[in-house]
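Data block for work-v7.tsv (TSV, C-alpha atoms and all ligand atoms):
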chain	number	residue	atom	x	y	z
A	1	MET	CA	-21.51	16.36	-2.96
A	2	ASP	CA	-24.63	16.87	-0.89
A	3	ASP	CA	-24.25	13.59	1.01
A	4	LEU	CA	-20.83	14.68	2.25
A	5	SER	CA	-22.15	17.96	3.68
A	6	HIS	CA	-24.70	15.98	5.68
A	7	LEU	CA	-22.53	13.16	6.98
A	8	ASN	CA	-23.00	13.30	10.75
A	9	LYS	CA	-19.44	12.43	11.69
A	10	THR	CA	-16.05	13.89	10.76
A	11	PRO	CA	-13.27	13.12	10.30
A	12	ALA	CA	-14.35	10.36	7.91
A	13	PHE	CA	-12.41	8.31	5.38
A	14	ILE	CA	-14.11	8.63	1.99
A	15	VAL	CA	-13.52	6.08	-0.77
A	16	ASP	CA	-14.66	6.72	-4.34
A	17	ARG	CA	-15.68	3.29	-5.61
A	18	ASP	CA	-15.54	4.17	-9.33
A	19	ILE	CA	-11.95	5.37	-9.04
A	20	VAL	CA	-10.89	2.30	-7.04
A	21	ALA	CA	-12.49	0.09	-9.71
A	22	ARG	CA	-10.63	1.94	-12.47
A	23	ASN	CA	-7.27	1.73	-10.66
A	24	CYS	CA	-7.81	-1.97	-9.93
A	25	GLU	CA	-8.76	-2.80	-13.49
A	26	ARG	CA	-5.81	-0.96	-15.03
A	27	MET	CA	-3.23	-2.83	-12.91
A	28	ARG	CA	-4.99	-6.21	-13.25
A	29	ALA	CA	-5.15	-5.84	-17.05
A	30	LYS	CA	-1.45	-4.90	-17.21
A	31	ALA	CA	-0.52	-8.01	-15.23
A	32	GLU	CA	-2.75	-10.19	-17.41
A	33	ALA	CA	-1.31	-8.74	-20.63
A	34	SER	CA	2.22	-9.34	-19.28
A	35	GLY	CA	1.46	-12.98	-18.44
A	36	VAL	CA	2.58	-12.72	-14.79
A	37	ILE	CA	0.93	-13.91	-11.59
A	38	PHE	CA	-1.06	-11.05	-10.09
A	39	ARG	CA	-0.76	-11.07	-6.31
A	40	PRO	CA	-1.88	-7.58	-5.26
A	41	HIS	CA	-1.13	-6.34	-1.76
A	42	VAL	CA	-4.14	-5.62	0.46
A	43	LYS	CA	-2.28	-3.66	3.16
A	44	THR	CA	-3.57	-0.30	1.90
A	45	HIS	CA	-7.30	-1.06	2.30
A	46	LYS	CA	-7.45	-4.32	4.33
A	47	THR	CA	-10.97	-5.13	3.07
A	48	VAL	CA	-12.55	-8.13	1.36
A	49	GLU	CA	-14.47	-5.79	-0.95
A	50	ILE	CA	-11.39	-4.18	-2.52
A	51	ALA	CA	-9.43	-7.45	-2.54
A	52	ARG	CA	-12.17	-8.85	-4.78
A	53	MET	CA	-12.12	-5.72	-6.95
A	54	GLN	CA	-8.35	-6.18	-7.36
A	55	HIS	CA	-9.14	-9.56	-8.95
A	56	GLY	CA	-11.94	-8.31	-11.18
A	57	GLY	CA	-14.72	-9.42	-8.80
A	58	SER	CA	-13.43	-12.78	-7.57
A	59	THR	CA	-10.78	-14.25	-5.31
A	60	GLY	CA	-7.15	-14.80	-6.34
A	61	PRO	CA	-3.60	-14.71	-4.99
A	62	VAL	CA	-3.00	-11.86	-2.53
A	63	THR	CA	-0.26	-10.35	-0.40
A	64	VAL	CA	-0.83	-9.27	3.21
A	65	SER	CA	1.20	-7.36	5.77
A	66	THR	CA	-0.52	-8.66	8.94
A	67	LEU	CA	-2.02	-11.91	10.13
A	68	ALA	CA	-5.28	-10.03	10.76
A	69	GLU	CA	-5.49	-9.34	7.00
A	70	ALA	CA	-4.57	-12.96	6.26
A	71	GLU	CA	-7.28	-14.31	8.57
A	72	LEU	CA	-9.95	-11.96	7.16
A	73	LEU	CA	-9.18	-12.91	3.57
A	74	SER	CA	-8.82	-16.61	4.31
A	75	ARG	CA	-12.32	-16.58	5.88
A	76	ALA	CA	-13.57	-14.83	2.73
A	77	GLY	CA	-12.29	-17.65	0.51
A	78	PHE	CA	-8.87	-16.36	-0.58
A	79	GLY	CA	-6.69	-19.47	-0.64
A	80	ASP	CA	-3.22	-18.30	-1.74
A	81	ILE	CA	-1.97	-15.62	0.64
A	82	THR	CA	1.62	-14.39	0.95
A	83	TYR	CA	2.43	-12.84	4.32
A	84	ALA	CA	5.14	-10.52	2.99
A	85	VAL	CA	6.89	-9.57	6.23
A	86	PRO	CA	9.77	-11.78	7.44
A	87	ILE	CA	8.12	-14.18	9.85
A	88	ALA	CA	8.90	-13.70	13.55
A	89	PRO	CA	10.00	-17.17	14.69
A	90	ASP	CA	7.49	-17.34	17.54
A	91	ARG	CA	4.59	-16.41	15.22
A	92	ALA	CA	5.34	-19.08	12.63
A	93	GLY	CA	2.92	-21.50	14.31
A	94	VAL	CA	-0.03	-19.07	14.32
A	95	ALA	CA	0.72	-17.92	10.78
A	96	GLY	CA	1.08	-21.48	9.54
A	97	ASN	CA	-2.46	-22.20	10.73
A	98	VAL	CA	-3.96	-19.84	8.15
A	99	THR	CA	-5.16	-21.94	5.22
A	100	GLY	CA	-3.24	-21.24	2.03
A	101	ILE	CA	-0.58	-19.01	3.59
A	102	ASN	CA	2.94	-18.55	2.17
A	103	LEU	CA	5.59	-17.30	4.57
A	104	LEU	CA	8.65	-15.11	4.03
A	105	VAL	CA	12.08	-15.57	5.56
A	106	ASP	CA	15.48	-13.93	5.26
A	107	SER	CA	17.29	-15.69	8.12
A	108	VAL	CA	18.23	-19.19	9.25
A	109	GLU	CA	16.34	-18.59	12.52
A	110	ALA	CA	13.06	-17.87	10.74
A	111	LEU	CA	13.59	-20.79	8.35
A	112	GLN	CA	14.15	-23.16	11.28
A	113	ALA	CA	10.93	-21.95	12.92
A	114	VAL	CA	8.97	-22.71	9.74
A	115	GLU	CA	10.70	-26.08	9.33
A	116	ALA	CA	9.66	-26.97	12.88
A	117	LEU	CA	5.94	-26.73	11.99
A	118	ASP	CA	4.03	-29.98	11.75
A	119	ARG	CA	3.03	-29.33	8.12
A	120	GLN	CA	4.89	-28.41	4.95
A	121	THR	CA	4.63	-24.66	4.38
A	122	ASP	CA	5.23	-22.65	1.21
A	123	VAL	CA	8.07	-20.17	1.71
A	124	PHE	CA	9.61	-17.25	-0.19
A	125	LEU	CA	13.12	-15.91	0.38
A	126	LYS	CA	13.27	-12.13	0.77
A	127	ILE	CA	15.88	-10.42	-1.40
A	128	ASP	CA	17.14	-6.88	-0.87
A	129	CYS	CA	17.09	-5.02	-4.20
A	130	GLY	CA	18.49	-1.76	-2.82
A	131	TYR	CA	15.88	-0.56	-0.33
A	132	HIS	CA	17.96	-1.99	2.56
A	133	ARG	CA	14.96	-2.59	4.82
A	134	ALA	CA	14.76	-6.39	4.83
A	135	GLY	CA	16.07	-9.20	2.69
A	136	VAL	CA	19.34	-10.94	1.98
A	137	ASP	CA	22.02	-9.35	-0.16
A	138	PRO	CA	21.69	-11.00	-3.59
A	139	ASP	CA	25.45	-10.67	-4.15
A	140	ASP	CA	26.50	-12.32	-0.87
A	141	PRO	CA	27.45	-16.03	-1.23
A	142	LYS	CA	25.76	-16.70	2.15
A	143	SER	CA	22.44	-15.76	0.53
A	144	LEU	CA	22.92	-18.52	-2.04
A	145	ASP	CA	23.65	-20.96	0.79
A	146	LEU	CA	20.36	-20.05	2.47
A	147	ALA	CA	18.45	-20.39	-0.80
A	148	ARG	CA	20.02	-23.80	-1.52
A	149	ARG	CA	19.17	-24.95	1.97
A	150	MET	CA	15.55	-23.88	1.37
A	151	ALA	CA	15.47	-25.68	-1.97
A	152	SER	CA	16.69	-28.93	-0.45
A	153	SER	CA	14.56	-28.79	2.71
A	154	GLU	CA	11.87	-31.45	2.95
A	155	LYS	CA	10.00	-29.48	5.60
A	156	ILE	CA	9.06	-26.54	3.35
A	157	ARG	CA	8.18	-25.87	-0.28
A	158	PHE	CA	10.53	-23.21	-1.67
A	159	ARG	CA	8.24	-21.05	-3.83
A	160	GLY	CA	10.49	-18.20	-4.87
A	161	LEU	CA	12.36	-14.94	-4.39
A	162	LEU	CA	10.46	-11.91	-3.20
A	163	THR	CA	11.71	-8.33	-3.30
A	164	HIS	CA	10.17	-4.91	-2.68
A	165	ALA	CA	11.61	-1.70	-4.12
A	166	GLY	CA	10.58	0.63	-1.31
A	167	HIS	CA	13.34	3.00	-2.39
A	168	SER	CA	11.18	3.88	-5.41
A	169	TYR	CA	9.54	6.24	-2.88
A	170	HIS	CA	12.76	8.28	-2.81
A	171	ALA	CA	12.39	9.10	-6.52
A	172	LYS	CA	11.51	12.58	-7.72
A	173	ASN	CA	9.96	11.66	-11.05
A	174	ALA	CA	8.89	8.74	-13.25
A	175	ASP	CA	12.35	8.37	-14.85
A	176	GLU	CA	13.96	7.87	-11.46
A	177	VAL	CA	11.26	5.32	-10.59
A	178	LEU	CA	12.01	3.46	-13.83
A	179	ALA	CA	15.66	3.12	-12.81
A	180	VAL	CA	14.56	1.56	-9.50
A	181	ALA	CA	12.14	-0.73	-11.37
A	182	ARG	CA	15.10	-2.14	-13.30
A	183	GLN	CA	17.07	-2.70	-10.07
A	184	GLU	CA	14.08	-4.55	-8.61
A	185	THR	CA	13.77	-7.08	-11.48
A	186	ASP	CA	17.58	-7.33	-11.94
A	187	ALA	CA	18.15	-8.31	-8.31
A	188	VAL	CA	15.79	-11.31	-8.40
A	189	THR	CA	16.73	-12.36	-11.94
A	190	ARG	CA	20.48	-12.24	-11.21
A	191	PHE	CA	20.02	-14.22	-8.00
A	192	ARG	CA	17.73	-16.81	-9.62
A	193	ASP	CA	20.19	-17.31	-12.47
A	194	ARG	CA	23.05	-17.84	-10.07
A	195	LEU	CA	20.96	-20.25	-8.02
A	196	GLY	CA	20.06	-22.16	-11.16
A	197	ILE	CA	16.59	-23.16	-9.94
A	198	ASP	CA	13.43	-22.04	-11.69
A	199	VAL	CA	11.61	-20.33	-8.80
A	200	ILE	CA	9.10	-17.46	-8.89
A	201	ARG	CA	10.56	-13.92	-9.06
A	202	SER	CA	8.07	-11.77	-7.14
A	203	ILE	CA	8.40	-7.97	-7.33
A	204	GLY	CA	6.21	-4.97	-6.75
A	205	SER	CA	5.69	-1.51	-5.40
A	206	THR	CA	3.11	0.97	-6.64
A	207	PRO	CA	5.65	3.43	-8.15
A	208	THR	CA	7.58	0.74	-10.06
A	209	THR	CA	4.52	-1.17	-11.27
A	210	SER	CA	2.73	2.04	-12.29
A	211	VAL	CA	5.47	3.53	-14.47
A	212	VAL	CA	6.36	0.42	-16.49
A	213	GLU	CA	4.19	-0.36	-19.49
A	214	ARG	CA	4.63	-4.10	-19.17
A	215	PHE	CA	5.99	-6.43	-16.50
A	216	GLU	CA	9.19	-8.08	-17.68
A	217	ASN	CA	11.96	-10.08	-16.02
A	218	CYS	CA	9.63	-11.19	-13.22
A	219	ASP	CA	6.94	-13.84	-12.68
A	220	GLU	CA	4.70	-12.18	-10.11
A	221	VAL	CA	3.75	-8.58	-9.14
A	222	ARG	CA	2.47	-7.26	-5.79
A	223	PRO	CA	1.48	-3.57	-5.89
A	224	GLY	CA	-0.88	-2.35	-3.15
A	225	ASN	CA	-1.16	1.41	-2.78
A	226	TYR	CA	-2.41	1.80	-6.38
A	227	VAL	CA	-6.00	1.00	-5.33
A	228	PHE	CA	-6.26	4.43	-3.68
A	229	PHE	CA	-3.05	6.19	-4.72
A	230	ASP	CA	-2.46	9.49	-2.84
A	231	ALA	CA	-0.89	12.94	-3.07
A	232	PHE	CA	2.61	11.45	-2.78
A	233	GLN	CA	2.14	9.04	-5.69
A	234	ALA	CA	0.80	11.87	-7.85
A	235	ALA	CA	3.84	14.01	-7.00
A	236	ILE	CA	6.38	11.37	-8.05
A	237	GLY	CA	4.52	10.49	-11.25
A	238	SER	CA	2.82	7.16	-10.40
A	239	CYS	CA	-0.64	8.61	-11.12
A	240	ARG	CA	-2.64	11.81	-11.68
A	241	MET	CA	-4.45	13.57	-8.83
A	242	ALA	CA	-7.68	12.48	-10.58
A	243	ASP	CA	-6.70	8.85	-9.90
A	244	VAL	CA	-6.64	9.32	-6.12
A	245	ALA	CA	-9.64	7.43	-4.72
A	246	ALA	CA	-9.35	8.34	-1.02
A	247	SER	CA	-9.87	11.53	0.93
A	248	VAL	CA	-10.61	12.64	4.47
A	249	LEU	CA	-13.79	14.59	5.09
A	250	THR	CA	-13.19	17.19	7.79
A	251	THR	CA	-14.98	20.13	9.42
A	252	VAL	CA	-13.62	23.62	10.11
A	253	ILE	CA	-13.77	23.93	13.90
A	254	GLY	CA	-11.86	27.22	14.27
A	255	SER	CA	-11.55	30.31	12.06
A	256	TYR	CA	-8.89	32.94	12.89
A	257	PRO	CA	-8.53	35.33	9.91
A	258	GLU	CA	-6.36	37.70	11.97
A	259	ARG	CA	-3.62	35.06	11.97
A	260	ARG	CA	-4.54	33.54	8.59
A	261	ALA	CA	-5.48	30.26	10.25
A	262	LEU	CA	-8.23	27.67	10.07
A	263	ILE	CA	-8.42	24.70	12.40
A	264	VAL	CA	-9.99	21.45	11.18
A	265	ASP	CA	-10.98	18.31	13.08
A	266	ALA	CA	-8.49	16.15	11.16
A	267	GLY	CA	-5.28	15.87	13.13
A	268	ALA	CA	-2.46	13.35	13.21
A	269	LEU	CA	-4.82	10.52	14.17
A	270	ALA	CA	-7.05	11.24	11.17
A	271	LEU	CA	-4.31	11.71	8.57
A	272	SER	CA	-0.99	10.30	9.89
A	273	LYS	CA	2.06	12.52	10.14
A	274	ASP	CA	3.48	11.44	6.82
A	275	LEU	CA	5.17	14.45	5.21
A	276	GLY	CA	4.46	13.19	1.71
A	277	PRO	CA	6.56	14.48	-1.18
A	278	ASN	CA	8.54	16.94	0.91
A	279	HIS	CA	11.75	15.70	-0.77
A	280	ILE	CA	10.34	17.40	-3.90
A	281	HIS	CA	8.16	20.13	-2.36
A	282	PRO	CA	9.51	21.03	1.11
A	283	GLU	CA	6.44	23.19	1.83
A	284	PHE	CA	3.92	20.49	0.84
A	285	GLY	CA	2.23	20.09	4.22
A	286	TYR	CA	0.28	17.11	5.59
A	287	GLY	CA	-2.16	16.67	2.70
A	288	VAL	CA	-3.87	18.57	-0.10
A	289	VAL	CA	-6.80	20.70	1.11
A	290	CYS	CA	-9.79	20.70	-1.26
A	291	ASP	CA	-13.44	21.69	-1.36
A	292	LEU	CA	-16.17	19.04	-1.33
A	293	ASN	CA	-15.73	18.53	-5.08
A	294	LEU	CA	-12.00	17.90	-4.63
A	295	ARG	CA	-10.99	21.22	-6.17
A	296	ARG	CA	-7.67	22.25	-4.63
A	297	LEU	CA	-7.88	25.35	-2.38
A	298	PRO	CA	-5.11	27.91	-1.73
A	299	MET	CA	-4.38	26.45	1.71
A	300	ARG	CA	-1.49	24.70	3.39
A	301	LEU	CA	-2.07	22.16	6.14
A	302	HIS	CA	1.17	22.90	7.94
A	303	ALA	CA	0.71	21.53	11.47
A	304	LEU	CA	-1.02	18.56	13.07
A	305	SER	CA	-1.59	17.75	16.69
A	306	GLN	CA	-3.51	14.69	17.81
A	307	GLU	CA	-7.01	15.91	16.85
A	308	HIS	CA	-6.38	19.36	15.27
A	309	GLY	CA	-5.09	20.28	11.85
A	310	THR	CA	-3.84	23.85	11.34
A	311	ILE	CA	-4.28	25.39	7.90
A	312	GLU	CA	-2.51	28.53	6.76
A	313	THR	CA	-4.64	30.53	4.31
A	314	ASP	CA	-5.90	33.96	3.25
A	315	MET	CA	-9.37	32.50	2.71
A	316	THR	CA	-11.91	33.07	5.44
A	317	LEU	CA	-14.35	30.22	6.03
A	318	PRO	CA	-16.98	29.95	8.75
A	319	VAL	CA	-16.80	27.31	11.46
A	320	GLY	CA	-18.82	24.31	10.29
A	321	THR	CA	-17.54	24.40	6.69
A	322	ARG	CA	-16.75	20.96	5.29
A	323	LEU	CA	-13.45	20.34	3.45
A	324	ARG	CA	-11.77	17.26	1.95
A	325	ILE	CA	-8.09	16.47	2.39
A	326	VAL	CA	-6.28	14.25	-0.08
A	327	PRO	CA	-3.87	12.28	2.12
A	328	ASN	CA	-0.12	12.14	1.58
A	329	HIS	CA	0.00	8.41	2.30
A	330	SER	CA	-3.34	6.67	1.89
A	331	CYS	CA	-2.16	3.38	3.51
A	332	LEU	CA	-1.37	5.07	6.81
A	333	THR	CA	-4.44	7.33	6.69
A	334	ALA	CA	-6.85	4.48	5.93
A	335	ALA	CA	-5.39	2.49	8.83
A	336	MET	CA	-6.69	5.15	11.28
A	337	TYR	CA	-10.38	4.42	10.54
A	338	PRO	CA	-12.66	1.65	11.84
A	339	SER	CA	-14.77	1.92	8.66
A	340	TYR	CA	-14.71	3.60	5.25
A	341	VAL	CA	-17.54	5.70	3.78
A	342	VAL	CA	-17.95	4.53	0.18
A	343	VAL	CA	-19.31	7.00	-2.38
A	344	GLU	CA	-20.18	6.84	-6.04
A	345	LYS	CA	-20.89	10.04	-7.96
A	346	GLY	CA	-21.12	11.89	-4.66
A	347	ARG	CA	-23.71	9.56	-3.10
A	348	PHE	CA	-23.15	7.16	-0.20
A	349	VAL	CA	-23.36	3.61	-1.46
A	350	ASP	CA	-21.70	1.46	1.19
A	351	GLU	CA	-19.61	1.17	4.32
A	352	TRP	CA	-16.60	-1.16	4.37
A	353	ILE	CA	-15.04	-2.58	7.51
A	354	PRO	CA	-11.28	-3.20	7.29
A	355	ALA	CA	-9.16	-5.65	9.28
A	356	ARG	CA	-7.44	-3.98	12.21
A	357	GLY	CA	-4.51	-4.86	14.44
A	358	TRP	CA	-1.93	-7.54	13.80
B	1	LIG	N1	5.43	-5.96	-1.13
B	1	LIG	C1	5.94	-5.68	0.07
B	1	LIG	C2	6.83	-6.66	0.72
B	1	LIG	C3	5.66	-4.45	0.69
B	1	LIG	O1	6.20	-4.19	1.89
B	1	LIG	C4	4.82	-3.53	0.02
B	1	LIG	C5	4.52	-2.25	0.66
B	1	LIG	O2	5.06	-1.85	1.66
B	1	LIG	C6	4.29	-3.87	-1.23
B	1	LIG	C7	4.61	-5.09	-1.78
B	1	LIG	C8	3.37	-2.94	-1.98
B	1	LIG	O3	3.98	-1.73	-2.28
B	1	LIG	P1	3.14	-0.42	-2.54
B	1	LIG	O4	2.47	-0.07	-1.27
B	1	LIG	O5	4.13	0.59	-3.02
B	1	LIG	O6	2.15	-0.77	-3.59
Do you think you could lay out the structure here as structure tokens?
Ligand code: PLP
Amino acid sequence: MDDLSHLNKTPAFIVDRDIVARNCERMRAKAEASGVIFRPHVKTHKTVEIARMQHGGSTGPVTVSTLAEAELLSRAGFGDITYAVPIAPDRAGVAGNVTGINLLVDSVEALQAVEALDRQTDVFLKIDCGYHRAGVDPDDPKSLDLARRMASSEKIRFRGLLTHAGHSYHAKNADEVLAVARQETDAVTRFRDRLGIDVIRSIGSTPTTSVVERFENCDEVRPGNYVFFDAFQAAIGSCRMADVAASVLTTVIGSYPERRALIVDAGALALSKDLGPNHIHPEFGYGVVCDLNLRRLPMRLHALSQEHGTIETDMTLPVGTRLRIVPNHSCLTAAMYPSYVVVEKGRFVDEWIPARGW
């Protein structure tokens, strides 16, 4: 990992291209073998390069979480883009201007804003499958009324039902994730059957799409985090640590053996303050501390301030030592960096510039 010891700037976000390619190919092949539409989420990386890798080297349907991602991908030739956050009524106009965009609603107010646009827009209805973040209750008759209104509207094209099982992140192991995966497909299938209209059932989170062998009872899948994975996904059984493609390169900037402490230049703004799998391992810390070859070290990153990370350890390392930290939540960590350092077999091969802002 000689290139990493000589990189002139830390903290840096390091992406292993071979591992990303492997993760992308595995999920794409599973979707293809299952005969479903593959609409991967790009929110984790927000780059054209990885969006193309998600589709085996070309463009294809994608999911975005910001208009900045939508605009970047639209400019790069992606023509079927689902903006999978309920549309804020006063942003419907701007969003609707992105070529090939599909919008998401779960309220009459948002639907009216989309209907008021001067062009027909493709729209999904958000269904709550148990996460209770956004989406209509699939068992509430009012939800059917909204869906029927969408189906009969001449101002929009009703594409389908979209749900996200974010509560799969509360699971402690793959069996618990599997139970959530069933809830996710059941919610959209039950609702579609009651509605009696053959619309797309769109599902997808990285835990649920990673643990199932085949996608069933759905028409479209939208995982995102799987391109990088992270320490959290490994802990709940979505992947192995060897599948994690992202890490933060950091430098030891303080060494205090008398209090068993090392300080690194990766703080909350380099890692995020996500506590990771602390519902399984309460002492997990803010990431997994490794050497340059990603071998885990007997260290706990137990405190973060804005630009300092505090490691508890019996190991003594000199100031200037380089370490790598496998992040707890790669989506949040990646979002901190204006560019990613791309490596292959330990050598720098590229720099990727992600979309930023909203
Ligand atoms: N779909 C929606 C609506 C989401 O909000 C997310 C993530 O937050 C995803 C899909 C992708 O889930 P994951 O990041 O677990 O792959």
Residues of region 231-264 of chain A that have any atom at most 9 Å from an atom of region 287-310 of chain A: could you tabulate them with the shortest-distance atom pair and the distance in Å to one decimal, using only C-alpha atoms, ordered by chain and increasing number, as JSON lines?
{"residue": "A:Ala231", "atom": "CA", "partner": "A:Gly287", "partner_atom": "CA", "distance": 7.0}
{"residue": "A:Phe232", "atom": "CA", "partner": "A:Gly287", "partner_atom": "CA", "distance": 8.9}
{"residue": "A:Ser247", "atom": "CA", "partner": "A:Leu294", "partner_atom": "CA", "distance": 8.7}
{"residue": "A:Leu249", "atom": "CA", "partner": "A:Leu292", "partner_atom": "CA", "distance": 8.2}
{"residue": "A:Ile253", "atom": "CA", "partner": "A:His308", "partner_atom": "CA", "distance": 8.8}
{"residue": "A:Ala261", "atom": "CA", "partner": "A:Thr310", "partner_atom": "CA", "distance": 6.7}
{"residue": "A:Leu262", "atom": "CA", "partner": "A:Thr310", "partner_atom": "CA", "distance": 6.0}
{"residue": "A:Ile263", "atom": "CA", "partner": "A:Thr310", "partner_atom": "CA", "distance": 4.8}
{"residue": "A:Val264", "atom": "CA", "partner": "A:Gly309", "partner_atom": "CA", "distance": 5.1}
Review point. Near Cys331 (chain A), counting all atoms listed in the file, which residues have an atom at most 9 Å away, once you skip same-chain residues fewer than 5 positions from it, shown as number ranges by chain?
Key: A: 43-45, 224-225, 228-230
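The residue that comes closest to ligand LIG 1 (chain B), out of A:Cys24, A:Leu146, A:Val221, A:Leu178 and on the basis of all atoms listed in the file, is A:Val221.
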Exercise for review: Please identify all polymer residues within 6 Å of region 130-145 of chain A, counting all atoms listed in the file, omitting same-chain residues fewer than 2 positions from it, and present them as number ranges by chain.
Suggested key: A: 106, 126-128, 147-148, 165-167, 191
Check your understanding: Do you know which residues are within 10 Å of ligand LIG 1 (chain B) using all atoms listed in the file? Can you write them as an NGL selection string?
Key -> :A and (39-44 or 63-65 or 82-86 or 104 or 126 or 133-135 or 162-169 or 202-210 or 221-229 or 233 or 238 or 329-331)
Check your understanding: Closest to Gly57 (chain A) among A:Val342, A:Ala88, A:Val105, A:Glu25, using all atoms listed in the file?
Key ->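 Using all atoms listed in the file, the shortest distance to Gly57 (chain A) belongs to A:Glu25.
Note that the spacing between CA of Thr121 (chain A) and CA of Glu220 (chain A) amounts to 19.1 Å.
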Check your understanding: For Ala245 (chain A), which residue out of A:Asp118, A:Asp18, A:Asp2, A:Glu109 is the nearest one, using all atoms listed in the file?
Key ->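 Ranking A:Asp118, A:Asp18, A:Asp2, A:Glu109 by distance to Ala245 (chain A), first place goes to A:Asp18.
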Practice item. Considering only C-alpha atoms, state which residue in the set A:Asp243, A:Asp90, A:Arg192, A:Arg356 is at the smallest distance from Gly160 (chain A). Key: A:Arg192
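Interatomic distance, CA of Ala31 (chain A) to CA of Phe215 (chain A): 6.8 Å.
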Review point. So how many Å separate CA of Thr10 (chain A) and CA of Thr250 (chain A), to one decimal?
Key: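 According to the coordinates, CA of Thr10 (chain A) and CA of Thr250 (chain A) are separated by 5.3 Å.
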What would region 100-105 of chain A look like with all heavy atoms in place, written as a short mmCIF file (atom, residue, chain, number, x, y, z; two decimals), in the coordinates of the input?
data_model
loop_
_atom_site.label_atom_id
_atom_site.label_comp_id
_atom_site.auth_asym_id
_atom_site.auth_seq_id
_atom_site.Cartn_x
_atom_site.Cartn_y
_atom_site.Cartn_z
N GLY A 100 -3.73 -21.82 3.28
CA GLY A 100 -3.24 -21.24 2.03
C GLY A 100 -2.20 -20.15 2.20
O GLY A 100 -1.97 -19.37 1.28
N ILE A 101 -1.54 -20.10 3.37
CA ILE A 101 -0.58 -19.01 3.59
C ILE A 101 0.82 -19.39 3.08
O ILE A 101 1.23 -20.55 3.14
CB ILE A 101 -0.52 -18.60 5.08
CG1 ILE A 101 0.07 -17.19 5.21
CG2 ILE A 101 0.29 -19.61 5.91
CD1 ILE A 101 -0.43 -16.42 6.39
N ASN A 102 1.52 -18.41 2.55
CA ASN A 102 2.94 -18.55 2.17
C ASN A 102 3.72 -17.62 3.08
O ASN A 102 3.33 -16.46 3.25
CB ASN A 102 3.18 -18.11 0.73
CG ASN A 102 2.12 -18.62 -0.21
OD1 ASN A 102 1.87 -19.82 -0.26
ND2 ASN A 102 1.47 -17.73 -0.94
N LEU A 103 4.81 -18.12 3.64
CA LEU A 103 5.59 -17.30 4.57
C LEU A 103 6.86 -16.79 3.91
O LEU A 103 7.29 -17.30 2.86
CB LEU A 103 5.90 -18.09 5.83
CG LEU A 103 4.66 -18.56 6.62
CD1 LEU A 103 5.07 -19.33 7.86
CD2 LEU A 103 3.77 -17.38 7.00
N LEU A 104 7.46 -15.77 4.56
CA LEU A 104 8.65 -15.11 4.03
C LEU A 104 9.75 -15.20 5.07
O LEU A 104 9.50 -14.96 6.26
CB LEU A 104 8.29 -13.64 3.75
CG LEU A 104 9.36 -12.76 3.14
CD1 LEU A 104 9.73 -13.25 1.74
CD2 LEU A 104 8.86 -11.32 3.05
N VAL A 105 10.96 -15.54 4.62
CA VAL A 105 12.08 -15.57 5.56
C VAL A 105 13.28 -14.86 4.91
O VAL A 105 13.37 -14.76 3.68
CB VAL A 105 12.51 -17.03 5.92
CG1 VAL A 105 11.37 -17.81 6.54
CG2 VAL A 105 13.06 -17.77 4.71
#
